[in-house]
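Engineer: Before anything else, here's the structure in question.
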Amino acid sequence: APRQHAPAARDTTAKAAPATATRCPPSAAASASSSSSSSSSSSSPEGSAASVPLERLAGTHPTADAEAARPRFSGYEQHGLPGCFVCGTDRCEHDGLLLHTGPVNGRDSTVACPWTPDSTLDAGDGTVAPEFVWAALDCPGYFAVKDQAGVALLGRFAAHIERPIKVGEQLVVTGWAIAHDGRKHQAGTAIYTADGQPVGWAEATWISLQKQAA
């Protein structure tokens, strides 16, 4: 079934951005690997990843602003899928990616946050398993187009992994709006090293379930 991001009923008490990730009981860490399959199932690594153009990334790496953007993540106030393995606010350390991408000041429709992949994502050789990299390139695109898309389904998704990502590597994940056409919203996402080198990027089309008011 296609993944859906839908706003939940608004909580009158907004969630504040945690200073550090909440620690789960040790037993919860084992669920991270099996839970990730639902986050990456919307597209297969056999898709047209080679068609994702690198030039789309020009000027999109807000590495210096990612830490400041994270506390502005809209999901702290309202999240349609709080249990999402990638961006859910009910997840905790070693039980999700915790990619809480908030708006970047001075950049329209751009979101970002830092990411340091932990050992639960290890493919067995010290690098992050590809399915988790694909998952990390998914949700940030939705939050980049959320204001225009509202409740939306992931339609098409193509990604490219430039090189393996090391467990413990300090990274920045970002998403940005590319275009809007009625109910279709095109977004780009990317993962950068701390010095701004892209290690993976993707394009996605999100489909609004109903036309947004003008």
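Labeling convention for the structure tokens: chains A, B, ... as they appear, residues from 1 per chain, ligands from 1 in order of appearance.
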What parts of stretch 114-213 of chain A does DSSP call helix (DSSP H, G or I)? I'd like the answer as a ChimeraX atom specification.
Structural biologist: /A:119-121,130-136,139-149
Engineer: Using only N, CA and C atoms, please write the residues we just selected to a file, as a compact mmCIF listing (two decimals), in the first residue's frame.
Structural biologist:
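File written: out-v3.txt
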# COMPACT_ATOMS: atom_id res chain seq x y z
N SER A 119 24.71 2.46 15.08
CA SER A 119 25.13 1.09 14.78
C SER A 119 23.98 0.16 14.43
N THR A 120 22.73 0.54 14.75
CA THR A 120 21.60 -0.32 14.39
C THR A 120 21.35 -0.34 12.89
N LEU A 121 21.97 0.59 12.16
CA LEU A 121 21.78 0.70 10.72
C LEU A 121 22.92 0.05 9.93
N PRO A 130 21.85 0.05 2.51
CA PRO A 130 21.24 0.92 1.50
C PRO A 130 19.77 1.22 1.75
N GLU A 131 19.01 0.27 2.30
CA GLU A 131 17.58 0.53 2.52
C GLU A 131 17.36 1.69 3.49
N PHE A 132 18.29 1.87 4.44
CA PHE A 132 18.15 2.98 5.37
C PHE A 132 18.52 4.30 4.71
N VAL A 133 19.45 4.27 3.77
CA VAL A 133 19.80 5.48 3.03
C VAL A 133 18.61 5.92 2.18
N TRP A 134 17.98 4.94 1.51
CA TRP A 134 16.78 5.25 0.72
C TRP A 134 15.69 5.83 1.62
N ALA A 135 15.52 5.25 2.80
CA ALA A 135 14.51 5.74 3.73
C ALA A 135 14.79 7.18 4.14
N ALA A 136 16.07 7.48 4.37
CA ALA A 136 16.44 8.83 4.78
C ALA A 136 16.16 9.87 3.71
N CYS A 139 11.16 10.93 3.57
CA CYS A 139 10.31 11.86 4.31
C CYS A 139 10.69 13.34 4.21
N PRO A 140 11.98 13.70 4.19
CA PRO A 140 12.29 15.14 4.11
C PRO A 140 11.66 15.84 2.91
N GLY A 141 11.46 15.11 1.81
CA GLY A 141 10.80 15.70 0.65
C GLY A 141 9.36 16.08 0.93
N TYR A 142 8.67 15.23 1.70
CA TYR A 142 7.29 15.57 2.04
C TYR A 142 7.23 16.86 2.86
N PHE A 143 8.12 16.99 3.85
CA PHE A 143 8.06 18.18 4.70
C PHE A 143 8.46 19.44 3.94
N ALA A 144 9.16 19.29 2.83
CA ALA A 144 9.49 20.45 2.00
C ALA A 144 8.28 20.96 1.23
N VAL A 145 7.33 20.07 0.91
CA VAL A 145 6.14 20.46 0.14
C VAL A 145 4.86 20.42 0.97
N LYS A 146 4.98 20.12 2.24
CA LYS A 146 3.81 19.91 3.10
C LYS A 146 2.83 21.07 3.09
N ASP A 147 3.33 22.29 3.15
CA ASP A 147 2.44 23.45 3.21
C ASP A 147 1.54 23.53 1.98
N GLN A 148 2.06 23.11 0.82
CA GLN A 148 1.26 23.15 -0.40
C GLN A 148 0.50 21.84 -0.62
N ALA A 149 1.07 20.73 -0.18
CA ALA A 149 0.49 19.42 -0.49
C ALA A 149 -0.59 18.99 0.49
Engineer: Excluding A:Val111 and any residue of its chain fewer than 6 positions from it, enumerate the residues within 8 Å of it, using only C-alpha atoms, and give them as a ChimeraX atom specification.
Structural biologist: /A:69,101-104,140,143-144,174-176
Engineer: Could you please take those selected residues and save C-alpha atoms as a PDB file, in the first residue's frame?
Structural biologist:
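Below is the file that was written, selection_14.pdb:
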ATOM      1  CA  ALA A  69      16.416  24.206  11.600  1.00  0.00           C
ATOM      2  CA  THR A 101      13.812  18.305   9.221  1.00  0.00           C
ATOM      3  CA  GLY A 102      12.775  21.866  10.011  1.00  0.00           C
ATOM      4  CA  PRO A 103      12.516  24.952   7.779  1.00  0.00           C
ATOM      5  CA  VAL A 104      15.813  26.610   6.904  1.00  0.00           C
ATOM      6  CA  PRO A 140      12.293  15.136   4.112  1.00  0.00           C
ATOM      7  CA  PHE A 143       8.061  18.178   4.700  1.00  0.00           C
ATOM      8  CA  ALA A 144       9.490  20.446   2.001  1.00  0.00           C
ATOM      9  CA  THR A 174      17.773  18.208   3.413  1.00  0.00           C
ATOM     10  CA  GLY A 175      14.624  18.429   1.318  1.00  0.00           C
ATOM     11  CA  TRP A 176      13.372  21.166  -0.982  1.00  0.00           C
TER      12      TRP A 176
END
Engineer: Of the residues A:Trp206, A:Arg163, A:Arg70, A:Cys92, which is the one nearest to A:Ala129, using only C-alpha atoms?
Structural biologist: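 Using only C-alpha atoms, the shortest distance to A:Ala129 belongs to A:Arg163.
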Engineer: Find the spatial neighbours of A:Ala68, counting only C-alpha atoms, within a cut-off of 12 Å - ignore same-chain residues fewer than 3 positions away - and output them as a ChimeraX atom specification.
Structural biologist: /A:17,19,62-65,71-73,100-105,111-114,172
Engineer: Would you put the residues from that selection into a file with N, CA and C atoms, as a PDB file, in the first residue's frame?
Structural biologist:
ATOM      1  N   ALA A  17      11.104  20.443  20.695  1.00  0.00           N
ATOM      2  CA  ALA A  17      12.198  19.648  20.144  1.00  0.00           C
ATOM      3  C   ALA A  17      13.071  19.159  21.284  1.00  0.00           C
ATOM      4  N   ALA A  19      16.252  18.064  23.387  1.00  0.00           N
ATOM      5  CA  ALA A  19      17.648  18.477  23.328  1.00  0.00           C
ATOM      6  C   ALA A  19      18.521  17.330  22.837  1.00  0.00           C
ATOM      7  N   PRO A  62      22.279  23.249   3.015  1.00  0.00           N
ATOM      8  CA  PRO A  62      22.295  24.209   4.125  1.00  0.00           C
ATOM      9  C   PRO A  62      22.998  23.611   5.350  1.00  0.00           C
ATOM     10  N   THR A  63      24.236  23.153   5.187  1.00  0.00           N
ATOM     11  CA  THR A  63      24.898  22.434   6.264  1.00  0.00           C
ATOM     12  C   THR A  63      25.040  23.281   7.530  1.00  0.00           C
ATOM     13  N   ALA A  64      25.330  24.551   7.369  1.00  0.00           N
ATOM     14  CA  ALA A  64      25.535  25.399   8.535  1.00  0.00           C
ATOM     15  C   ALA A  64      24.232  25.680   9.278  1.00  0.00           C
ATOM     16  N   ASP A  65      23.101  25.521   8.608  1.00  0.00           N
ATOM     17  CA  ASP A  65      21.815  25.887   9.194  1.00  0.00           C
ATOM     18  C   ASP A  65      21.003  24.681   9.679  1.00  0.00           C
ATOM     19  N   PRO A  71      14.847  22.289  15.471  1.00  0.00           N
ATOM     20  CA  PRO A  71      13.792  22.596  16.449  1.00  0.00           C
ATOM     21  C   PRO A  71      12.521  23.153  15.820  1.00  0.00           C
ATOM     22  N   ARG A  72      12.585  23.583  14.563  1.00  0.00           N
ATOM     23  CA  ARG A  72      11.398  24.128  13.894  1.00  0.00           C
ATOM     24  C   ARG A  72      10.617  23.046  13.142  1.00  0.00           C
ATOM     25  N   PHE A  73      10.983  21.790  13.285  1.00  0.00           N
ATOM     26  CA  PHE A  73      10.287  20.688  12.630  1.00  0.00           C
ATOM     27  C   PHE A  73       8.794  20.732  12.954  1.00  0.00           C
ATOM     28  N   HIS A 100      14.192  14.843  11.826  1.00  0.00           N
ATOM     29  CA  HIS A 100      13.227  15.906  12.098  1.00  0.00           C
ATOM     30  C   HIS A 100      13.688  17.158  11.370  1.00  0.00           C
ATOM     31  N   THR A 101      13.345  17.227  10.093  1.00  0.00           N
ATOM     32  CA  THR A 101      13.812  18.305   9.221  1.00  0.00           C
ATOM     33  C   THR A 101      12.925  19.545   9.361  1.00  0.00           C
ATOM     34  N   GLY A 102      13.516  20.620   9.832  1.00  0.00           N
ATOM     35  CA  GLY A 102      12.775  21.866  10.011  1.00  0.00           C
ATOM     36  C   GLY A 102      13.104  22.877   8.939  1.00  0.00           C
ATOM     37  N   PRO A 103      12.276  23.921   8.798  1.00  0.00           N
ATOM     38  CA  PRO A 103      12.516  24.952   7.779  1.00  0.00           C
ATOM     39  C   PRO A 103      13.842  25.667   7.982  1.00  0.00           C
ATOM     40  N   VAL A 104      14.529  25.910   6.877  1.00  0.00           N
ATOM     41  CA  VAL A 104      15.813  26.610   6.904  1.00  0.00           C
ATOM     42  C   VAL A 104      15.568  28.095   6.672  1.00  0.00           C
ATOM     43  N   ASN A 105      16.039  28.920   7.564  1.00  0.00           N
ATOM     44  CA  ASN A 105      15.860  30.367   7.419  1.00  0.00           C
ATOM     45  C   ASN A 105      16.496  30.873   6.127  1.00  0.00           C
ATOM     46  N   VAL A 111      13.949  22.283   3.958  1.00  0.00           N
ATOM     47  CA  VAL A 111      14.038  21.773   5.320  1.00  0.00           C
ATOM     48  C   VAL A 111      15.351  21.017   5.476  1.00  0.00           C
ATOM     49  N   ALA A 112      15.817  20.903   6.718  1.00  0.00           N
ATOM     50  CA  ALA A 112      17.086  20.214   6.948  1.00  0.00           C
ATOM     51  C   ALA A 112      17.207  19.820   8.408  1.00  0.00           C
ATOM     52  N   CYS A 113      18.103  18.870   8.663  1.00  0.00           N
ATOM     53  CA  CYS A 113      18.484  18.504  10.021  1.00  0.00           C
ATOM     54  C   CYS A 113      19.786  17.717   9.969  1.00  0.00           C
ATOM     55  N   PRO A 114      20.532  17.670  11.070  1.00  0.00           N
ATOM     56  CA  PRO A 114      21.733  16.835  11.115  1.00  0.00           C
ATOM     57  C   PRO A 114      21.331  15.365  11.224  1.00  0.00           C
ATOM     58  N   VAL A 172      24.228  15.826   6.963  1.00  0.00           N
ATOM     59  CA  VAL A 172      23.067  16.710   6.934  1.00  0.00           C
ATOM     60  C   VAL A 172      22.090  16.159   5.901  1.00  0.00           C
TER      61      VAL A 172
END
Engineer: Return as an MDAnalysis selection string the full set of residues in stretch 52-182 of chain A whose backbone-based DSSP assignment is strand (DSSP E or B).
Structural biologist: chainID A and resid 93 102:103 110:115 122 127:128 152:161 166 171:181
Engineer: As a PyMOL selection string, please: the residues near A:Trp115 (cut-off 10 Å, only C-alpha atoms, same-chain neighbours under 4 positions excluded).
Structural biologist: chain A and resi 66-67+97-101+136+168-173+191-194
Engineer: May I ask for the distance between atom CA of A:Ser109 and atom CA of A:Gly80, given in Å to one decimal place?
Structural biologist: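 Pair atom CA of A:Ser109 / atom CA of A:Gly80 returns 19.3 Å.
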Engineer: Between A:Val86, A:Val128, A:Leu153, A:Ile165, which residue has the minimum interatomic distance to A:Pro198, considering only C-alpha atoms?
Structural biologist: A:Ile165
